[in-house]
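> Here you go, this is model_8.tsv (TSV, C-alpha atoms).
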```
chain	number	residue	atom	x	y	z
A	1	MET	CA	111.00	106.40	114.00
A	2	ASN	CA	113.10	103.69	115.59
A	3	HIS	CA	113.81	100.78	113.25
A	4	LEU	CA	113.91	98.38	116.21
A	5	ASN	CA	110.18	98.97	116.72
A	6	TYR	CA	109.38	97.41	113.36
A	7	TYR	CA	109.69	93.93	111.90
A	8	ARG	CA	112.81	93.53	109.82
A	9	LEU	CA	111.54	91.61	106.79
A	10	PRO	CA	113.55	88.37	106.56
A	11	TRP	CA	114.12	88.73	102.82
A	12	ASN	CA	117.72	88.18	101.79
A	13	LEU	CA	119.86	87.44	98.75
A	14	THR	CA	118.98	83.76	98.50
A	15	ASP	CA	115.51	83.67	100.08
A	16	ASN	CA	113.38	86.57	98.94
A	17	SER	CA	109.77	87.36	98.15
A	18	ILE	CA	110.53	88.74	94.66
A	19	SER	CA	113.05	88.51	91.83
A	20	TRP	CA	113.39	90.88	88.88
A	21	LEU	CA	113.29	89.66	85.27
A	22	GLU	CA	114.13	92.07	82.43
A	23	PRO	CA	113.09	90.56	79.07
A	24	THR	CA	113.65	93.88	77.27
A	25	ALA	CA	115.03	97.40	77.72
A	26	LYS	CA	112.73	98.80	75.04
A	27	CYS	CA	110.19	101.34	76.30
A	28	ASN	CA	107.48	103.55	74.82
A	29	LEU	CA	108.10	106.35	77.33
A	30	SER	CA	111.09	108.43	78.33
A	31	CYS	CA	110.56	109.06	82.04
A	32	TYR	CA	112.53	111.62	83.97
A	33	GLY	CA	114.60	109.81	86.58
A	34	CYS	CA	114.61	106.40	84.84
A	35	TYR	CA	117.72	104.29	85.50
A	36	ARG	CA	117.50	102.19	82.30
A	37	LYS	CA	118.57	103.29	78.84
A	38	ASN	CA	115.85	102.80	76.25
A	39	GLU	CA	117.22	100.23	73.80
A	40	VAL	CA	114.99	99.46	70.82
A	41	ASP	CA	116.72	96.22	69.77
A	42	SER	CA	117.01	94.68	73.23
A	43	HIS	CA	114.42	91.89	73.31
A	44	LYS	CA	115.88	88.78	74.89
A	45	THR	CA	115.11	85.42	73.34
A	46	LEU	CA	112.97	82.88	75.15
A	47	GLU	CA	116.08	80.76	75.61
A	48	GLU	CA	117.86	83.65	77.34
A	49	ILE	CA	114.85	84.24	79.57
A	50	LYS	CA	114.63	80.54	80.37
A	51	SER	CA	118.31	80.65	81.35
A	52	GLU	CA	117.77	83.62	83.67
A	53	LEU	CA	114.81	81.93	85.34
A	54	ALA	CA	117.07	78.91	85.89
A	55	VAL	CA	119.60	81.18	87.65
A	56	PHE	CA	116.87	82.44	89.96
A	57	LYS	CA	115.74	78.88	90.70
A	58	LYS	CA	119.31	77.78	91.43
A	59	MET	CA	120.30	80.73	93.61
A	60	ARG	CA	117.14	82.18	95.10
A	61	LYS	CA	113.74	81.24	96.50
A	62	SER	CA	111.06	83.66	95.32
A	63	ASP	CA	107.30	83.95	95.61
A	64	GLY	CA	106.89	86.21	92.58
A	65	ILE	CA	108.81	87.36	89.52
A	66	SER	CA	108.55	91.03	88.56
A	67	ILE	CA	108.61	91.06	84.76
A	68	ALA	CA	110.00	94.48	84.01
A	69	GLY	CA	112.23	96.38	81.57
A	70	GLY	CA	111.90	98.67	79.63
A	71	ASP	CA	108.27	97.83	79.23
A	72	PRO	CA	107.70	94.06	79.07
A	73	LEU	CA	104.41	94.42	77.17
A	74	LEU	CA	106.49	95.45	74.15
A	75	HIS	CA	108.19	92.05	74.05
A	76	PRO	CA	106.63	90.00	71.24
A	77	ASP	CA	106.67	86.85	73.41
A	78	ILE	CA	105.25	88.35	76.61
A	79	ILE	CA	102.50	85.69	76.72
A	80	GLU	CA	105.07	82.89	76.61
A	81	ILE	CA	107.21	84.65	79.23
A	82	VAL	CA	104.25	84.77	81.62
A	83	LYS	CA	103.59	81.09	80.96
A	84	MET	CA	107.26	80.26	81.71
A	85	VAL	CA	107.19	82.07	85.05
A	86	LYS	CA	103.90	80.43	85.97
A	87	ALA	CA	105.20	76.98	85.00
A	88	ASP	CA	108.24	77.66	87.19
A	89	GLY	CA	105.90	77.82	90.21
A	90	GLN	CA	106.11	81.57	90.75
A	91	LYS	CA	103.69	84.49	90.46
A	92	PRO	CA	104.14	86.49	87.23
A	93	ILE	CA	103.85	90.20	88.06
A	94	ILE	CA	104.08	92.59	85.10
A	95	ASN	CA	105.70	95.98	85.76
A	96	THR	CA	104.46	98.33	83.05
A	97	ASN	CA	103.46	101.89	82.25
A	98	GLY	CA	100.25	100.39	80.83
A	99	ILE	CA	100.29	102.15	77.45
A	100	ALA	CA	100.40	98.89	75.49
A	101	LEU	CA	97.80	97.11	77.63
A	102	THR	CA	94.51	96.39	75.92
A	103	LYS	CA	91.56	94.35	77.15
A	104	GLU	CA	92.32	91.71	74.53
A	105	LEU	CA	95.95	91.45	75.65
A	106	LEU	CA	94.87	91.37	79.30
A	107	THR	CA	92.55	88.44	78.55
A	108	ARG	CA	95.41	86.53	76.96
A	109	LEU	CA	97.77	87.36	79.82
A	110	LYS	CA	95.26	86.16	82.39
A	111	LYS	CA	94.81	82.91	80.50
A	112	ALA	CA	98.62	82.56	80.49
A	113	GLY	CA	98.65	82.87	84.29
A	114	VAL	CA	99.46	86.50	85.11
A	115	TYR	CA	99.04	87.12	88.84
A	116	GLY	CA	99.28	90.89	89.02
A	117	PHE	CA	100.27	94.19	87.48
A	118	THR	CA	102.33	97.06	88.85
A	119	PHE	CA	101.61	100.21	86.86
A	120	HIS	CA	104.22	102.97	87.01
A	121	ILE	CA	102.39	106.27	86.66
A	122	ASP	CA	103.69	109.68	87.68
A	123	SER	CA	103.68	113.27	86.47
A	124	LYS	CA	107.20	113.32	85.01
A	125	GLN	CA	106.75	110.60	82.40
A	126	ASN	CA	105.86	112.85	79.44
A	127	ARG	CA	102.99	110.44	78.88
A	128	PRO	CA	101.03	111.15	75.66
A	129	GLY	CA	97.65	112.66	76.47
A	130	TRP	CA	98.63	113.29	80.09
A	131	LYS	CA	101.45	115.82	79.84
A	132	ASN	CA	101.44	118.56	82.49
A	133	LYS	CA	98.96	116.60	84.61
A	134	ASN	CA	99.75	116.48	88.32
A	135	GLU	CA	99.66	113.36	90.50
A	136	LEU	CA	96.06	113.86	91.55
A	137	GLU	CA	94.85	114.39	87.99
A	138	LEU	CA	96.59	111.14	87.06
A	139	ASN	CA	94.30	109.28	89.47
A	140	GLU	CA	91.81	109.19	86.59
A	141	LEU	CA	94.29	107.08	84.61
A	142	ARG	CA	95.07	104.90	87.63
A	143	LEU	CA	91.38	104.23	88.12
A	144	TYR	CA	91.03	103.22	84.45
A	145	PHE	CA	93.64	100.48	84.89
A	146	ALA	CA	92.29	99.38	88.28
A	147	LYS	CA	88.81	98.95	86.81
A	148	MET	CA	90.25	97.07	83.84
A	149	LEU	CA	91.88	94.53	86.17
A	150	LYS	CA	88.75	94.26	88.30
A	151	GLU	CA	86.70	93.45	85.21
A	152	ALA	CA	89.21	90.75	84.24
A	153	GLY	CA	88.85	89.25	87.72
A	154	ASN	CA	91.17	88.43	90.62
A	155	ILE	CA	94.36	90.09	89.35
A	156	SER	CA	96.47	92.02	91.86
A	157	CYS	CA	96.60	95.75	91.13
A	158	ALA	CA	99.55	97.89	92.27
A	159	PHE	CA	100.73	101.39	91.40
A	160	ASN	CA	104.27	102.81	91.53
A	161	SER	CA	105.07	106.50	91.53
A	162	THR	CA	108.46	108.19	91.66
A	163	VAL	CA	108.50	110.92	94.30
A	164	TYR	CA	110.28	114.24	93.75
A	165	GLU	CA	110.71	117.25	96.00
A	166	ASP	CA	107.96	119.09	94.13
A	167	THR	CA	105.50	116.14	94.18
A	168	ILE	CA	105.89	114.78	97.72
A	169	HIS	CA	103.01	116.95	98.96
A	170	PHE	CA	100.59	115.02	96.72
A	171	ILE	CA	101.16	111.74	98.58
A	172	PRO	CA	98.43	112.09	101.26
A	173	GLN	CA	95.75	112.75	98.64
A	174	MET	CA	97.07	109.87	96.54
A	175	LEU	CA	96.62	107.65	99.58
A	176	LYS	CA	93.11	109.03	100.06
A	177	TRP	CA	92.36	107.99	96.47
A	178	ALA	CA	93.79	104.54	97.21
A	179	GLU	CA	91.61	104.37	100.33
A	180	ASP	CA	88.51	105.23	98.28
A	181	ASN	CA	89.42	102.36	95.94
A	182	ILE	CA	90.77	99.90	98.49
A	183	ASP	CA	88.54	97.16	97.05
A	184	ILE	CA	90.31	97.27	93.66
A	185	VAL	CA	93.80	98.62	94.51
A	186	GLN	CA	95.90	96.23	96.57
A	187	VAL	CA	99.29	98.03	96.64
A	188	ILE	CA	100.58	101.58	96.26
A	189	VAL	CA	104.32	102.28	96.16
A	190	PHE	CA	106.27	105.53	96.44
A	191	ILE	CA	109.86	105.46	95.12
A	192	LEU	CA	112.08	108.32	96.20
A	193	TYR	CA	113.96	109.95	93.33
A	194	ARG	CA	117.64	109.17	93.09
A	195	ALA	CA	120.40	110.11	90.63
A	196	VAL	CA	124.17	110.45	90.62
A	197	ASN	CA	125.31	113.25	92.94
A	198	ASN	CA	128.31	114.67	91.10
A	199	SER	CA	128.90	117.42	93.64
A	200	LEU	CA	129.52	115.04	96.53
A	201	VAL	CA	131.48	112.05	95.26
A	202	ASP	CA	133.56	110.74	92.38
A	203	TYR	CA	132.94	107.35	90.78
A	204	TYR	CA	135.70	104.84	90.13
A	205	LEU	CA	136.21	101.51	88.42
A	206	GLY	CA	139.32	100.26	90.16
A	207	SER	CA	141.75	103.18	90.01
A	208	GLN	CA	140.07	104.73	86.94
A	209	LYS	CA	137.81	107.72	87.50
A	210	ILE	CA	134.57	107.42	85.52
A	211	ASP	CA	132.69	110.22	83.77
A	212	MET	CA	129.14	109.65	84.99
A	213	ASN	CA	127.70	111.66	82.10
A	214	GLU	CA	127.90	108.36	80.22
A	215	LEU	CA	125.07	106.87	82.31
A	216	VAL	CA	121.36	107.65	82.05
A	217	TYR	CA	120.89	108.18	85.78
A	218	ASN	CA	123.47	110.94	85.93
A	219	GLU	CA	121.79	114.17	87.07
A	220	GLU	CA	123.19	117.67	86.69
A	221	SER	CA	120.13	119.55	87.95
A	222	GLU	CA	119.60	120.68	91.53
A	223	ALA	CA	116.79	118.20	92.18
A	224	ARG	CA	117.03	116.63	95.62
A	225	VAL	CA	118.46	113.13	95.69
A	226	ASP	CA	118.55	112.66	99.46
A	227	MET	CA	114.87	112.38	100.45
A	228	LYS	CA	114.26	109.82	103.18
A	229	ALA	CA	111.37	107.49	103.91
A	230	GLN	CA	110.78	109.28	107.22
A	231	GLU	CA	110.00	112.47	105.31
A	232	VAL	CA	107.25	110.71	103.40
A	233	VAL	CA	105.80	109.29	106.63
A	234	SER	CA	105.78	112.79	108.15
A	235	VAL	CA	103.90	114.16	105.14
A	236	ILE	CA	101.38	111.29	105.25
A	237	ARG	CA	100.71	111.86	108.95
A	238	LYS	CA	99.40	115.35	108.21
A	239	MET	CA	96.30	113.63	106.80
A	240	TYR	CA	96.60	110.25	108.57
A	241	PRO	CA	97.97	110.98	112.09
A	242	ASP	CA	97.82	107.28	113.04
A	243	PHE	CA	99.73	106.12	109.95
A	244	ASP	CA	102.43	103.72	111.12
A	245	PRO	CA	104.52	101.15	109.21
A	246	CYS	CA	104.99	97.60	110.41
A	247	ALA	CA	108.08	96.27	108.56
A	248	TYR	CA	111.19	97.34	106.70
A	249	LEU	CA	114.40	96.44	104.91
A	250	ASN	CA	117.50	98.31	106.10
A	251	GLY	CA	120.44	99.67	104.13
A	252	SER	CA	123.45	97.52	103.36
A	253	GLU	CA	125.67	100.11	105.06
A	254	GLN	CA	123.15	101.72	107.40
A	255	PRO	CA	121.15	99.37	109.63
A	256	ASP	CA	118.75	102.09	110.79
A	257	ASP	CA	117.76	103.21	107.27
A	258	PHE	CA	114.30	102.37	105.93
A	259	LYS	CA	115.03	101.19	102.40
A	260	TRP	CA	111.74	99.33	101.95
A	261	LEU	CA	109.21	100.60	104.46
A	262	LEU	CA	105.96	98.62	104.53
A	263	THR	CA	102.63	99.69	105.97
A	264	GLY	CA	99.62	97.38	106.02
A	265	ARG	CA	96.27	99.12	106.47
A	266	LEU	CA	92.76	97.71	106.81
A	267	GLY	CA	89.60	99.42	105.66
A	268	ARG	CA	86.78	99.66	103.19
A	269	HIS	CA	85.71	102.26	100.66
A	270	GLY	CA	86.38	105.68	102.19
A	271	LYS	CA	87.37	104.41	105.64
A	272	ILE	CA	90.64	103.18	107.18
A	273	TYR	CA	90.11	101.40	110.50
A	274	GLY	CA	93.74	100.88	111.40
A	275	TYR	CA	97.08	99.27	110.71
A	276	MET	CA	98.95	96.03	111.08
A	277	GLY	CA	101.72	95.85	113.65
A	278	SER	CA	105.10	94.19	113.44
A	279	LYS	CA	103.95	90.96	115.07
A	280	SER	CA	101.10	90.32	112.64
A	281	MET	CA	103.40	90.83	109.65
A	282	GLU	CA	105.98	88.53	111.23
A	283	ILE	CA	103.34	85.83	111.72
A	284	ILE	CA	102.13	86.11	108.11
A	285	GLN	CA	105.63	85.97	106.63
A	286	THR	CA	106.73	83.13	108.93
A	287	PHE	CA	103.71	80.90	108.36
A	288	HIS	CA	103.77	81.50	104.62
A	289	HIS	CA	107.39	80.35	104.62
A	290	ILE	CA	106.58	77.32	106.74
A	291	LEU	CA	103.70	76.30	104.46
A	292	PHE	CA	105.15	77.19	101.04
A	293	ASP	CA	108.93	77.45	101.66
A	294	LYS	CA	109.00	81.07	100.45
A	295	TYR	CA	108.22	84.53	101.79
A	296	LEU	CA	105.04	86.25	100.70
A	297	ALA	CA	105.00	88.94	98.02
A	298	TYR	CA	101.75	89.87	96.28
A	299	SER	CA	98.31	88.65	97.34
A	300	SER	CA	95.28	88.28	95.10
A	301	PRO	CA	92.10	90.36	95.59
A	302	LYS	CA	90.39	87.18	96.85
A	303	LEU	CA	92.82	87.19	99.76
A	304	THR	CA	93.11	90.93	100.44
A	305	ARG	CA	89.33	91.24	100.82
A	306	LYS	CA	89.50	88.84	103.80
A	307	GLY	CA	90.68	91.52	106.20
A	308	ARG	CA	88.25	90.40	108.90
A	309	SER	CA	90.15	87.13	109.22
A	310	MET	CA	93.40	89.07	109.62
A	311	LEU	CA	91.94	90.81	112.67
A	312	LEU	CA	92.28	87.50	114.55
A	313	LEU	CA	96.03	88.20	114.65
A	314	GLY	CA	95.15	90.96	117.11
A	315	LEU	CA	95.61	88.28	119.78
A	316	PHE	CA	99.35	88.78	119.25
A	317	ASP	CA	99.50	92.33	117.91
A	318	GLY	CA	98.54	95.39	119.96
A	319	LYS	CA	98.29	97.70	116.93
A	320	LEU	CA	95.98	95.30	115.13
A	321	ARG	CA	93.95	94.92	118.34
A	322	LYS	CA	93.23	98.66	118.22
A	323	THR	CA	92.10	98.20	114.62
A	324	LEU	CA	89.75	95.42	115.72
A	325	TRP	CA	88.09	97.54	118.44
A	326	LYS	CA	87.65	100.46	116.04
A	327	PHE	CA	86.11	98.13	113.48
A	328	LEU	CA	83.70	96.63	116.04
A	329	LYS	CA	82.45	99.99	117.30
A	330	ASN	CA	79.73	99.43	114.76
A	331	PRO	CA	78.62	95.78	115.29
A	332	LEU	CA	77.11	95.72	111.79
A	333	ASN	CA	80.64	95.90	110.38
A	334	ILE	CA	81.04	92.21	111.12
A	335	PHE	CA	78.83	91.59	108.04
A	336	LYS	CA	80.87	93.90	105.80
A	337	LYS	CA	84.03	93.18	103.85
A	338	LEU	CA	87.30	94.51	105.22
A	339	HIS	CA	90.15	94.96	102.76
A	340	TYR	CA	93.91	94.87	103.26
A	341	GLN	CA	96.08	97.35	101.35
A	342	SER	CA	99.88	97.66	101.31
A	343	VAL	CA	101.66	101.01	101.24
A	344	MET	CA	105.36	100.75	100.42
A	345	ILE	CA	107.97	103.51	100.50
A	346	ILE	CA	111.23	102.67	98.69
A	347	GLN	CA	114.39	104.65	99.37
A	348	PRO	CA	116.98	103.63	96.74
A	349	VAL	CA	120.78	103.93	96.94
A	350	ASP	CA	122.17	106.51	99.38
A	351	ILE	CA	125.67	107.85	99.90
A	352	THR	CA	126.80	107.41	103.51
A	353	THR	CA	128.84	109.94	105.49
A	354	GLU	CA	131.89	107.83	104.55
A	355	GLY	CA	131.10	108.17	100.84
A	356	ILE	CA	129.95	104.55	100.44
A	357	GLN	CA	126.83	103.55	98.50
A	358	SER	CA	124.23	102.00	100.80
A	359	MET	CA	121.97	99.64	98.87
A	360	CYS	CA	118.78	97.85	99.90
A	361	ASP	CA	119.92	95.02	102.17
A	362	GLY	CA	118.15	91.89	100.95
A	363	CYS	CA	116.98	93.67	97.80
A	364	PRO	CA	113.89	92.05	96.21
A	365	ASP	CA	114.71	93.56	92.81
A	366	MET	CA	117.84	91.55	92.08
A	367	THR	CA	118.12	90.54	88.44
A	368	VAL	CA	120.45	88.38	86.37
A	369	TRP	CA	123.47	89.51	84.36
A	370	ASN	CA	126.09	87.08	83.02
A	371	GLY	CA	124.65	84.32	85.16
A	372	LYS	CA	124.98	86.31	88.38
A	373	LEU	CA	122.57	88.19	90.63
A	374	VAL	CA	123.01	91.96	90.35
A	375	TRP	CA	121.07	95.06	91.44
A	376	SER	CA	118.54	95.93	88.75
A	377	CYS	CA	118.72	99.66	89.56
A	378	ARG	CA	122.45	99.66	88.65
A	379	MET	CA	122.28	97.46	85.57
A	380	GLU	CA	123.66	100.24	83.36
A	381	GLU	CA	126.98	100.00	85.23
A	382	GLN	CA	127.12	96.27	84.56
A	383	LEU	CA	126.28	96.70	80.89
A	384	LYS	CA	128.84	99.45	80.31
A	385	TYR	CA	131.69	98.46	82.65
A	386	GLY	CA	131.00	94.87	83.68
A	387	HIS	CA	131.08	95.88	87.36
A	388	ASN	CA	129.40	98.18	89.84
A	389	LEU	CA	131.28	101.43	90.38
A	390	ARG	CA	132.63	102.57	93.74
A	391	THR	CA	132.25	106.03	95.22
A	392	TYR	CA	134.70	108.22	97.10
A	393	PHE	CA	134.27	111.69	98.54
A	394	LYS	CA	135.80	114.41	96.41
A	395	ASN	CA	137.60	115.87	99.42
A	396	ILE	CA	138.34	113.33	102.16
A	397	PRO	CA	139.95	114.86	105.24
A	398	ILE	CA	143.02	112.95	106.37
A	399	VAL	CA	142.97	112.24	110.09
A	400	ASN	CA	146.37	111.61	111.73
```
As structure tokens, please, write out the structure in this file.


Amino acid sequence: MNHLNYYRLPWNLTDNSISWLEPTAKCNLSCYGCYRKNEVDSHKTLEEIKSELAVFKKMRKSDGISIAGGDPLLHPDIIEIVKMVKADGQKPIINTNGIALTKELLTRLKKAGVYGFTFHIDSKQNRPGWKNKNELELNELRLYFAKMLKEAGNISCAFNSTVYEDTIHFIPQMLKWAEDNIDIVQVIVFILYRAVNNSLVDYYLGSQKIDMNELVYNEESEARVDMKAQEVVSVIRKMYPDFDPCAYLNGSEQPDDFKWLLTGRLGRHGKIYGYMGSKSMEIIQTFHHILFDKYLAYSSPKLTRKGRSMLLLGLFDGKLRKTLWKFLKNPLNIFKKLHYQSVMIIQPVDITTEGIQSMCDGCPDMTVWNGKLVWSCRMEEQLKYGHNLRTYFKNIPIVN
């Protein structure tokens, strides 16, 4: 995979599709691999949240706000938080494990203006009632939430799953499930597992060496922390040989890394006709920015079911043109709905061959700490030390 063959998403620090709001660090699960410490008494006040939204508005254009945590549904003022984001002219997207979501709460959240949900569900969450279930067995739970949102009406439905070395082989079947439910599942995201690699580097704050056992994302096991997005693509292609992304975000230190790797596919229940190319994604992002002065994040089910209209972009996009011809092989398809579905692979922080941490360049998940934009995945460093830590190889060869 050559990164130059794909559209480099234009998202950057000040002009991005998403921003990350953390109203609480309290959670009702203890997931393996989580990078946030569960803090029971961590609910922010509405004034604090209002202040953080003001920082976003001052420093950053965004299409949507990911309301995360912790689990934001545990915040007693979650309805008001959604209303605040909506009133600020942005899409409120709730990132949750779903445990606290009821139909009654969903009704209230929709009335408040919620645009979408991203449910984090994977097999290493120690989820009550679902312990020892593998990723495919958890599709039953995913379908429960997808149907709940469909019943509520026109709410974007996305699923996150952390990928480990022993779960990566489930991904193709998870995508097959998403294909079978393409009419009610708009986004599916695979996040590659990362933790501190104590065997490779040491961590420093200035000249002081830091004991990483003090942080929740320290990992002493032998679990792999160097999986790459290309590996996931290779696994997917065993079931979907034509699977091909269209856009990406690179690493801050490695321009050819796929930190956020986006694939847009078009299909209907049980059938994928093809994929979007780089040009069609560039056109969509560009025109959305021209019309609304912001890059596009989530789309509602009303929009994603209009895949036939998207085929018109095949005039500029060879990959989408192939999708069009495949779709029109059966002329009756012109009377059937065609749905768009996003598949995202996220490859968090990596250590380069020079021992430097390579972050997501133009990260959409920037949050606010002390009035500044910081990486949400490294918030624990900010909370404990007031700064991000630096890495250095344990044994650096000196070259004369």

> Please provide as a PDB file with C-alpha atoms, in the coordinates of the input all residues within 10 Å of range 146-157 of chain A, with the sequence filter that same-chain residues fewer than 3 positions apart are discarded (counting only C-alpha atoms).


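Result file is around.pdb:
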```pdb
ATOM      1  CA  ILE A  93     103.850  90.200  88.060  1.00  0.00           C
ATOM      2  CA  LEU A 101      97.800  97.110  77.630  1.00  0.00           C
ATOM      3  CA  THR A 102      94.510  96.390  75.920  1.00  0.00           C
ATOM      4  CA  LYS A 103      91.560  94.350  77.150  1.00  0.00           C
ATOM      5  CA  LEU A 106      94.870  91.370  79.300  1.00  0.00           C
ATOM      6  CA  THR A 107      92.550  88.440  78.550  1.00  0.00           C
ATOM      7  CA  LYS A 110      95.260  86.160  82.390  1.00  0.00           C
ATOM      8  CA  GLY A 113      98.650  82.870  84.290  1.00  0.00           C
ATOM      9  CA  VAL A 114      99.460  86.500  85.110  1.00  0.00           C
ATOM     10  CA  TYR A 115      99.040  87.120  88.840  1.00  0.00           C
ATOM     11  CA  GLY A 116      99.280  90.890  89.020  1.00  0.00           C
ATOM     12  CA  PHE A 117     100.270  94.190  87.480  1.00  0.00           C
ATOM     13  CA  THR A 118     102.330  97.060  88.850  1.00  0.00           C
ATOM     14  CA  PHE A 119     101.610 100.210  86.860  1.00  0.00           C
ATOM     15  CA  GLU A 140      91.810 109.190  86.590  1.00  0.00           C
ATOM     16  CA  LEU A 141      94.290 107.080  84.610  1.00  0.00           C
ATOM     17  CA  ARG A 142      95.070 104.900  87.630  1.00  0.00           C
ATOM     18  CA  LEU A 143      91.380 104.230  88.120  1.00  0.00           C
ATOM     19  CA  ASN A 181      89.420 102.360  95.940  1.00  0.00           C
ATOM     20  CA  ASP A 183      88.540  97.160  97.050  1.00  0.00           C
ATOM     21  CA  ILE A 184      90.310  97.270  93.660  1.00  0.00           C
ATOM     22  CA  VAL A 185      93.800  98.620  94.510  1.00  0.00           C
ATOM     23  CA  GLN A 186      95.900  96.230  96.570  1.00  0.00           C
ATOM     24  CA  VAL A 187      99.290  98.030  96.640  1.00  0.00           C
ATOM     25  CA  ILE A 188     100.580 101.580  96.260  1.00  0.00           C
ATOM     26  CA  TYR A 298     101.750  89.870  96.280  1.00  0.00           C
ATOM     27  CA  SER A 299      98.310  88.650  97.340  1.00  0.00           C
ATOM     28  CA  SER A 300      95.280  88.280  95.100  1.00  0.00           C
ATOM     29  CA  PRO A 301      92.100  90.360  95.590  1.00  0.00           C
ATOM     30  CA  LYS A 302      90.390  87.180  96.850  1.00  0.00           C
ATOM     31  CA  LEU A 303      92.820  87.190  99.760  1.00  0.00           C
ATOM     32  CA  THR A 304      93.110  90.930 100.440  1.00  0.00           C
TER      33      THR A 304
END
```

> Calculated over all atoms listed in the file, which of the candidates A:Met212, A:Met239, A:Leu338, A:Cys360 has the smallest distance to Gln173 in chain A?

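Nearest candidate to Gln173 in chain A out of A:Met212, A:Met239, A:Leu338, A:Cys360: A:Met239.
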
> Using all atoms listed in the file, determine which residues lie at most 6 Å from range 71-81 of chain A, disregarding the query and same-chain residues fewer than 5 positions distant; provide the list as an NGL selection string.

:A and (27 or 96 or 109)

> So, with only C-alpha atoms as the atoms that count, which of A:Thr367, A:Asn126, A:Gln341, A:Asn134 lies closest to Val55 in chain A?

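The shortest atom-to-atom distance to Val55 in chain A comes from A:Thr367.
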
> With all atoms listed in the file as the counted atoms, please give the residues lying no more than 10 Å from Asp226 in chain A, apart from itself and same-chain residues fewer than 6 positions off, as a tab-separated table (two decimals) with C-alpha atoms, keeping the file's coordinate frame.


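Output file out-v4.tsv follows:
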```tsv
chain	number	residue	atom	x	y	z
A	165	GLU	CA	110.71	117.25	96.00
A	192	LEU	CA	112.08	108.32	96.20
A	193	TYR	CA	113.96	109.95	93.33
A	194	ARG	CA	117.64	109.17	93.09
A	195	ALA	CA	120.40	110.11	90.63
A	197	ASN	CA	125.31	113.25	92.94
A	347	GLN	CA	114.39	104.65	99.37
A	348	PRO	CA	116.98	103.63	96.74
A	349	VAL	CA	120.78	103.93	96.94
A	350	ASP	CA	122.17	106.51	99.38
A	351	ILE	CA	125.67	107.85	99.90
```

> When you draw a straight line from CA of Asp244 in chain A to CA of Asn139 in chain A, how long is it in Å?

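Here the two named atoms are 23.8 Å from each other.
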
> Would you please work out which residue, of A:Ile182, A:Leu29, A:Leu215, A:Ala158, is nearest to Lys131 in chain A when using only C-alpha atoms?

A:Leu29

> When you count only C-alpha atoms, which of these residues is closest to Asp166 in chain A: A:Ile65, A:Leu311, A:Leu328, A:Ala223?

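Result for the nearest residue to Asp166 in chain A: A:Ala223.
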
> Write out as a ChimeraX atom specification the residues lying within 10 Å of Gly33 in chain A, counting only C-alpha atoms and excluding same-chain residues fewer than 3 positions away.

/A:30,36,124-125,162-164,193-195,216-219

> Could you tell me which of A:Cys31, A:Asp202, A:Lys58, A:Gly89 comes closest to Ser161 in chain A if we count all atoms listed in the file?

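Of A:Cys31, A:Asp202, A:Lys58, A:Gly89, the one nearest Ser161 in chain A is A:Cys31, counting all atoms listed in the file.
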
> Closest to Asn2 in chain A among A:Ser309, A:Asn160, A:Ser51, A:Gln230, using only C-alpha atoms?

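Closest residue, counting only C-alpha atoms: A:Gln230.
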